[in-house]
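Source file: run09.tsv (TSV, C-alpha atoms)
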```
chain	number	residue	atom	x	y	z
A	1	MET	CA	-25.18	3.71	-12.74
A	2	SER	CA	-26.06	4.38	-16.35
A	3	PHE	CA	-24.06	2.90	-19.19
A	4	ASN	CA	-23.93	6.40	-20.68
A	5	ASP	CA	-22.14	7.88	-17.67
A	6	VAL	CA	-18.61	9.21	-17.65
A	7	VAL	CA	-17.09	8.62	-14.23
A	8	VAL	CA	-14.32	11.13	-13.53
A	9	VAL	CA	-11.76	10.49	-10.79
A	10	GLY	CA	-9.01	13.11	-10.65
A	11	PRO	CA	-7.29	13.17	-14.09
A	12	LEU	CA	-8.82	9.82	-15.06
A	13	ALA	CA	-12.16	9.25	-16.80
A	14	VAL	CA	-14.11	6.03	-17.33
A	15	ASP	CA	-16.44	6.36	-20.34
A	16	MET	CA	-19.27	3.86	-19.85
A	17	SER	CA	-20.67	4.39	-23.35
A	18	GLN	CA	-17.33	3.87	-25.13
A	19	ASN	CA	-16.09	1.14	-22.75
A	20	SER	CA	-12.82	2.97	-22.37
A	21	ILE	CA	-10.56	4.66	-19.86
A	22	THR	CA	-8.73	7.94	-20.44
A	23	PHE	CA	-5.77	9.23	-18.45
A	24	LYS	CA	-4.48	12.65	-19.54
A	25	ASP	CA	-3.78	12.23	-23.28
A	26	LYS	CA	-3.93	8.42	-23.39
A	27	SER	CA	-6.89	6.08	-23.77
A	28	ALA	CA	-7.42	2.32	-23.60
A	29	TYR	CA	-10.33	0.03	-24.43
A	30	LEU	CA	-11.63	-2.05	-21.51
A	31	GLY	CA	-14.65	-3.90	-22.81
A	32	PRO	CA	-18.16	-3.66	-21.33
A	33	LEU	CA	-17.72	-5.79	-18.21
A	34	ARG	CA	-14.40	-4.36	-17.04
A	35	THR	CA	-15.62	-0.85	-17.80
A	36	HIS	CA	-18.63	-1.39	-15.56
A	37	LEU	CA	-16.37	-2.91	-12.88
A	38	LEU	CA	-13.94	0.01	-12.90
A	39	GLY	CA	-16.75	2.53	-13.11
A	40	TYR	CA	-18.40	1.05	-10.02
A	41	LEU	CA	-15.14	1.09	-8.06
A	42	CYS	CA	-14.44	4.69	-9.13
A	43	LYS	CA	-17.98	5.71	-8.22
A	44	HIS	CA	-17.02	4.64	-4.69
A	45	VAL	CA	-13.46	5.96	-4.84
A	46	ASN	CA	-11.47	5.70	-1.60
A	47	GLN	CA	-14.11	3.38	-0.16
A	48	VAL	CA	-13.88	-0.37	0.38
A	49	VAL	CA	-16.33	-2.24	-1.87
A	50	GLY	CA	-17.28	-5.78	-0.90
A	51	ARG	CA	-17.11	-8.70	-3.30
A	52	ASP	CA	-20.84	-9.37	-2.98
A	53	ASP	CA	-21.62	-5.76	-3.87
A	54	LEU	CA	-19.37	-5.99	-6.93
A	55	SER	CA	-20.99	-9.25	-8.02
A	56	ASP	CA	-24.50	-7.81	-7.79
A	57	ALA	CA	-23.65	-4.44	-9.39
A	58	VAL	CA	-21.47	-5.70	-12.25
A	59	TRP	CA	-22.54	-9.28	-13.00
A	60	GLY	CA	-26.06	-9.16	-11.57
A	61	ARG	CA	-25.47	-12.48	-9.86
A	62	SER	CA	-23.03	-14.20	-7.53
A	63	VAL	CA	-19.64	-14.96	-9.12
A	64	SER	CA	-16.52	-16.61	-7.74
A	65	ASP	CA	-13.66	-14.72	-6.10
A	66	HIS	CA	-11.41	-16.10	-8.84
A	67	THR	CA	-13.55	-14.45	-11.54
A	68	ILE	CA	-13.46	-11.07	-9.82
A	69	ASN	CA	-9.71	-11.36	-9.16
A	70	GLN	CA	-9.03	-12.07	-12.84
A	71	HIS	CA	-10.85	-8.96	-14.00
A	72	ILE	CA	-9.28	-6.78	-11.29
A	73	SER	CA	-5.86	-8.02	-12.40
A	74	GLN	CA	-6.63	-7.07	-16.00
A	75	LEU	CA	-7.78	-3.61	-14.92
A	76	ARG	CA	-4.52	-3.06	-13.05
A	77	LYS	CA	-2.51	-3.97	-16.14
A	78	VAL	CA	-4.45	-1.53	-18.32
A	79	ILE	CA	-4.10	1.27	-15.77
A	80	THR	CA	-0.34	0.62	-15.64
A	81	THR	CA	0.00	0.79	-19.45
A	82	LEU	CA	-1.39	4.33	-19.30
A	83	ASN	CA	1.52	5.30	-17.01
A	84	ASN	CA	-1.11	6.21	-14.45
A	85	THR	CA	0.14	6.83	-10.91
A	86	GLU	CA	-2.99	8.62	-9.72
A	87	LEU	CA	-5.36	5.66	-9.40
A	88	THR	CA	-4.63	2.28	-7.81
A	89	ILE	CA	-6.87	-0.70	-7.03
A	90	ALA	CA	-6.00	-2.47	-3.80
A	91	THR	CA	-7.24	-5.83	-2.55
A	92	ILE	CA	-8.48	-5.75	1.03
A	93	PRO	CA	-8.18	-9.25	2.51
A	94	LYS	CA	-11.57	-10.70	3.53
A	95	LYS	CA	-13.31	-7.39	2.70
A	96	GLY	CA	-13.13	-6.56	-1.00
A	97	TYR	CA	-11.42	-3.86	-3.05
A	98	ILE	CA	-10.74	-0.15	-2.96
A	99	ALA	CA	-10.01	2.24	-5.84
A	100	ARG	CA	-7.73	4.84	-4.33
A	101	CYS	CA	-7.03	8.24	-5.88
A	102	GLU	CA	-4.91	10.82	-4.10
A	103	ALA	CA	-6.46	13.62	-6.17
A	104	VAL	CA	-9.82	13.02	-4.48
A	105	GLY	CA	-10.12	14.53	-1.02
A	106	GLN	CA	-9.76	12.31	2.03
A	107	PRO	CA	-10.75	14.54	4.97
A	108	ASN	CA	-9.57	12.13	7.64
A	109	ARG	CA	-6.07	11.96	6.27
A	110	VAL	CA	-3.45	14.28	7.79
A	111	LYS	CA	-0.82	15.62	5.45
A	112	PRO	CA	2.76	14.59	6.34
A	113	GLU	CA	4.05	18.16	6.43
A	114	LEU	CA	1.67	18.92	9.31
A	115	VAL	CA	2.93	16.09	11.47
A	116	GLN	CA	6.68	16.05	11.04
A	117	ASN	CA	7.12	16.57	14.77
A	118	GLN	CA	4.65	13.86	15.69
A	119	ALA	CA	4.76	11.40	12.82
A	120	LYS	CA	2.79	8.22	13.36
A	121	ALA	CA	4.47	5.02	12.19
A	122	LEU	CA	3.83	1.29	12.03
A	123	LEU	CA	6.51	-1.37	12.40
A	124	LEU	CA	6.35	-4.98	11.21
A	125	SER	CA	8.95	-7.41	12.54
A	126	ASP	CA	9.24	-10.65	14.51
A	127	ALA	CA	7.91	-10.79	18.07
A	128	GLU	CA	11.37	-10.72	19.65
A	129	THR	CA	12.46	-7.57	17.80
A	130	CYS	CA	9.17	-5.84	18.58
A	131	GLN	CA	9.59	-6.61	22.26
A	132	LYS	CA	13.17	-5.31	22.29
A	133	ILE	CA	12.08	-1.99	20.77
A	134	GLN	CA	9.11	-1.84	23.13
A	135	ASN	CA	11.52	-2.21	26.08
A	136	LEU	CA	13.76	0.55	24.73
A	137	LYS	CA	10.98	3.09	24.32
A	138	ALA	CA	11.30	5.82	26.91
A	139	ASP	CA	8.47	8.03	28.12
A	140	GLY	CA	7.70	10.65	25.51
A	141	GLU	CA	9.79	9.00	22.78
A	142	LEU	CA	8.21	7.24	19.82
A	143	LYS	CA	4.78	7.32	21.42
A	144	GLN	CA	3.34	7.30	17.90
A	145	LEU	CA	5.06	4.03	16.91
A	146	GLU	CA	2.88	0.91	16.84
A	147	MET	CA	4.53	-2.50	16.46
A	148	PHE	CA	3.18	-5.75	15.05
A	149	SER	CA	4.56	-9.20	14.35
A	150	ASN	CA	1.41	-10.17	12.46
A	151	ALA	CA	1.00	-8.79	8.93
A	152	GLY	CA	-2.77	-9.19	9.05
A	153	LEU	CA	-3.09	-6.93	12.09
A	154	LEU	CA	-0.82	-4.36	10.46
A	155	HIS	CA	-3.06	-4.33	7.37
A	156	GLU	CA	-6.07	-3.60	9.57
A	157	ARG	CA	-4.32	-0.60	11.11
A	158	LEU	CA	-3.47	0.70	7.64
A	159	MET	CA	-7.20	1.05	7.01
A	160	SER	CA	-7.28	4.11	9.27
A	161	ASN	CA	-4.96	6.19	7.03
A	162	GLU	CA	-3.53	7.67	10.24
A	163	PHE	CA	0.09	6.78	9.58
A	164	GLN	CA	2.81	8.62	7.69
A	165	ALA	CA	5.49	5.92	7.74
A	166	VAL	CA	5.85	2.13	7.75
A	167	ILE	CA	8.95	0.30	9.02
A	168	ILE	CA	9.25	-3.18	7.53
A	169	ASP	CA	11.64	-5.96	8.52
A	170	THR	CA	13.23	-7.19	5.28
A	171	GLU	CA	14.43	-10.42	6.89
A	172	LEU	CA	11.00	-11.91	7.57
A	173	ALA	CA	10.37	-15.49	6.47
A	174	ASN	CA	9.42	-16.13	2.83
A	175	ALA	CA	10.43	-12.56	1.95
A	176	GLU	CA	7.19	-11.37	3.55
A	177	GLY	CA	8.62	-7.94	4.35
A	178	LEU	CA	10.06	-7.40	0.89
A	179	LYS	CA	6.78	-8.47	-0.71
A	180	LEU	CA	4.87	-6.06	1.54
A	181	ILE	CA	7.06	-3.16	0.40
A	182	LYS	CA	6.32	-4.04	-3.22
A	183	ALA	CA	2.62	-4.42	-2.48
A	184	ILE	CA	2.48	-0.94	-0.92
A	185	ARG	CA	4.26	0.71	-3.82
A	186	THR	CA	1.99	-0.97	-6.37
A	187	GLY	CA	-1.21	-0.05	-4.55
A	188	GLN	CA	-2.09	-3.55	-3.35
A	189	THR	CA	-2.60	-2.51	0.29
A	190	LEU	CA	-4.62	0.05	2.21
A	191	ALA	CA	-1.57	2.25	2.66
A	192	SER	CA	-1.12	5.16	0.31
A	193	SER	CA	1.32	4.06	-2.41
A	194	ASP	CA	3.63	6.99	-1.63
A	195	ILE	CA	3.75	6.48	2.14
A	196	ALA	CA	7.23	6.78	3.65
A	197	ILE	CA	8.85	3.35	3.99
A	198	LEU	CA	11.90	2.41	6.04
A	199	SER	CA	13.46	-1.03	5.89
A	200	LEU	CA	14.79	-2.87	8.95
A	201	ALA	CA	17.68	-5.35	8.70
A	202	SER	CA	20.62	-6.80	10.61
A	203	GLU	CA	23.09	-5.41	8.06
A	204	ALA	CA	23.23	-3.15	5.02
A	205	THR	CA	23.91	-5.58	2.19
A	206	LYS	CA	24.38	-4.53	-1.43
A	207	GLN	CA	21.29	-6.48	-2.44
A	208	LEU	CA	19.13	-4.73	0.14
A	209	LEU	CA	20.49	-1.27	-0.67
A	210	GLY	CA	19.76	-1.89	-4.34
A	211	PHE	CA	16.24	-3.08	-3.52
A	212	ASN	CA	15.65	0.04	-1.41
A	213	VAL	CA	16.70	2.34	-4.23
A	214	LEU	CA	14.52	0.59	-6.82
A	215	MET	CA	11.50	0.49	-4.49
A	216	ASP	CA	11.87	4.12	-3.34
A	217	VAL	CA	12.46	3.17	0.29
A	218	GLN	CA	13.28	6.29	2.32
A	219	GLY	CA	15.75	4.78	4.78
A	220	LEU	CA	17.46	1.73	6.27
A	221	ILE	CA	17.44	0.95	9.99
A	222	VAL	CA	20.23	-1.41	11.03
A	223	GLN	CA	19.79	-3.48	14.19
A	224	PRO	CA	20.34	-3.19	17.11
A	225	VAL	CA	17.92	-0.26	17.03
A	226	ASN	CA	18.85	3.06	18.62
A	227	ILE	CA	15.63	4.80	19.66
A	228	GLU	CA	16.92	8.37	19.20
A	229	VAL	CA	18.29	7.54	15.75
A	230	LEU	CA	15.06	5.73	14.82
A	231	GLU	CA	12.97	8.75	15.78
A	232	LYS	CA	15.12	11.02	13.59
A	233	GLN	CA	14.96	8.56	10.68
A	234	ILE	CA	11.17	8.47	10.81
A	235	LYS	CA	10.95	12.27	10.74
A	236	THR	CA	13.43	12.46	7.86
A	237	ALA	CA	11.59	9.79	5.86
A	238	VAL	CA	8.23	11.54	6.28
A	239	ALA	CA	9.73	14.84	5.12
A	240	MET	CA	11.21	13.31	1.95
A	241	ARG	CA	9.44	13.68	-1.39
A	242	PHE	CA	9.63	11.43	-4.45
A	243	LYS	CA	7.62	10.63	-7.55
A	244	LEU	CA	6.09	7.18	-7.82
A	245	LYS	CA	7.21	5.05	-10.75
A	246	PRO	CA	4.72	3.10	-12.89
A	247	ASN	CA	3.68	-0.16	-11.22
A	248	ALA	CA	5.50	-2.15	-13.88
A	249	ALA	CA	8.85	-0.73	-12.70
A	250	TYR	CA	8.24	-1.94	-9.15
A	251	ASP	CA	6.92	-5.31	-10.33
A	252	LEU	CA	10.25	-6.05	-12.00
A	253	VAL	CA	12.20	-5.78	-8.74
A	254	PRO	CA	12.93	-9.27	-7.27
A	255	THR	CA	11.89	-9.90	-3.67
A	256	MET	CA	14.19	-12.83	-2.94
A	257	LEU	CA	17.46	-11.51	-1.52
A	258	ASN	CA	20.35	-13.77	-0.56
A	259	SER	CA	20.50	-12.16	2.87
A	260	ALA	CA	16.88	-12.95	3.79
A	261	ALA	CA	16.67	-14.75	7.12
A	262	SER	CA	13.93	-16.91	8.60
A	263	VAL	CA	12.05	-15.59	11.58
A	264	ASN	CA	8.87	-16.63	13.34
A	265	LEU	CA	5.76	-14.49	13.07
A	266	GLN	CA	3.37	-15.73	15.71
A	267	SER	CA	2.08	-13.01	18.01
A	268	ALA	CA	1.50	-9.29	17.86
A	269	CYS	CA	3.37	-6.91	20.16
A	270	LEU	CA	1.41	-4.51	22.30
A	271	SER	CA	1.16	-0.98	20.90
A	272	ASN	CA	2.46	1.91	22.97
```
Whole structure given in structure tokens:
Amino acid sequence: MSFNDVVVVGPLAVDMSQNSITFKDKSAYLGPLRTHLLGYLCKHVNQVVGRDDLSDAVWGRSVSDHTINQHISQLRKVITTLNNTELTIATIPKKGYIARCEAVGQPNRVKPELVQNQAKALLLSDAETCQKIQNLKADGELKQLEMFSNAGLLHERLMSNEFQAVIIDTELANAEGLKLIKAIRTGQTLASSDIAILSLASEATKQLLGFNVLMDVQGLIVQPVNIEVLEKQIKTAVAMRFKLKPNAAYDLVPTMLNSAASVNLQSACLSN
């Protein structure tokens, strides 16, 4: 990649010669190293780039994960200051990074409006809750719902871009569910930032309802789960439309709610 290139991704342009980034009518200076880093990620937009590849392409030598993380963090801050919602940089655990831009075609991704009658969804909760829902599933109902009690396994499934909705238990230990919702909305996961999200809880508290509004969560599922109601809620959530806020707005939302309960995440439930 030449240092005179201009890498264009949707409405965003990375000018390698000027060491700057432009989004619509706004520009920001990045500096040579971060410009090269962003340019390389954008050159491979919507593809996972390994840390070793980044080290070789940008630094020309092996550098620590901490060094790469610092520069990625700075890039995210600059992108946010431009009020950009088109491009996000997500960290892929144990794999690397991905620069995701919705304006660039992703042929394997199915648009939500085409699958409202057969929406595919993921659910993250504790093993007991997953098993209860698994037992409730009747033949032909919620066949497209996959359940996990291990966040790592759920992240791996998100890599497929097959899913139109994610159901997240907000009462997981250490606010894991709430943090995951924030991570999705700020582009820190493999899920599209504007994927439909439903929260799962034992009750509808004021704190949780406020969190849902601020994080653009499309619905609340109160336990015990009713399968017919859940199916309708998933379809409704997928059909809803909203405009993503700047990452900074989501970052300000606290993830420690008074109602958070401790649960044990040990094993993954069987899918389907």
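Comparing A:Leu172, A:Met215, A:Leu54, A:Ile167 by their smallest distance to His36 of chain A, the closest is A:Leu54 (using all atoms listed in the file).
The neighbours of segment 242-253 of chain A here are the residues that come within 7 Å of it, using all atoms listed in the file and leaving out any residue fewer than 2 positions away in the same chain; they are A:Thr80, A:Asn83, A:Asn84, A:Thr85, A:Lys182, A:Thr186, A:Asp194, A:Met215, A:Met240, A:Thr255.
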Save out the residues we just selected, C-alpha atoms, as a PDB file, keeping the file's coordinate frame.
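Result file again-v8.pdb:
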```pdb
ATOM      1  CA  THR A  80      -0.340   0.620 -15.640  1.00  0.00           C
ATOM      2  CA  ASN A  83       1.520   5.300 -17.010  1.00  0.00           C
ATOM      3  CA  ASN A  84      -1.110   6.210 -14.450  1.00  0.00           C
ATOM      4  CA  THR A  85       0.140   6.830 -10.910  1.00  0.00           C
ATOM      5  CA  LYS A 182       6.320  -4.040  -3.220  1.00  0.00           C
ATOM      6  CA  THR A 186       1.990  -0.970  -6.370  1.00  0.00           C
ATOM      7  CA  ASP A 194       3.630   6.990  -1.630  1.00  0.00           C
ATOM      8  CA  MET A 215      11.500   0.490  -4.490  1.00  0.00           C
ATOM      9  CA  MET A 240      11.210  13.310   1.950  1.00  0.00           C
ATOM     10  CA  THR A 255      11.890  -9.900  -3.670  1.00  0.00           C
TER      11      THR A 255
END
```
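Among the candidates A:Ser73, A:Asp169, A:Ile234, A:Ser125, the residue lying nearest to Gln144 of chain A is A:Ile234 (atoms considered: only C-alpha atoms).
In this structure, atom CA of Gln74 of chain A sits 17.8 Å away from atom CA of Val49 of chain A.
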message: Give me, as an MDAnalysis selection string, all polymer residues having an atom no more than 10 Å from segment 5-15 of chain A, counting all atoms listed in the file and skipping those fewer than 4 positions away in the same chain.
response: chainID A and resid 1 19:30 35:36 38:45 79 84 86:87 99:105
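Distance-wise, atom CA of Thr91 of chain A and atom CA of Ile195 of chain A end up 17.2 Å apart.
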task: Extract, using all atoms listed in the file, all DNA, RNA and protein residues at most 7 Å from Ala237 of chain A, discarding same-chain residues fewer than 5 positions from it, and format them as a ChimeraX atom specification.
output: /A:196,218-219
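The protein and nucleic acid residues lying at most 6 Å from segment 199-210 of chain A are Ile167, Ile168, Asp169, Thr170, Leu220, Ile221, Val222 and Gln223 of chain A, with only C-alpha atoms considered and sequence neighbours fewer than 4 positions away removed.
Atom CA of Leu190 of chain A is found 5.6 Å from atom CA of Leu158 of chain A.
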- request: Could you tell me which of A:Glu156, A:Tyr97, A:Lys77, A:Val48 comes closest to Asp65 of chain A if we count all atoms listed in the file?
  value: A:Tyr97
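For the choices A:Met159, A:Ser193, A:Leu142, A:Leu257, the atom-to-atom distance to Gln233 of chain A is smallest for A:Leu142 when using all atoms listed in the file.
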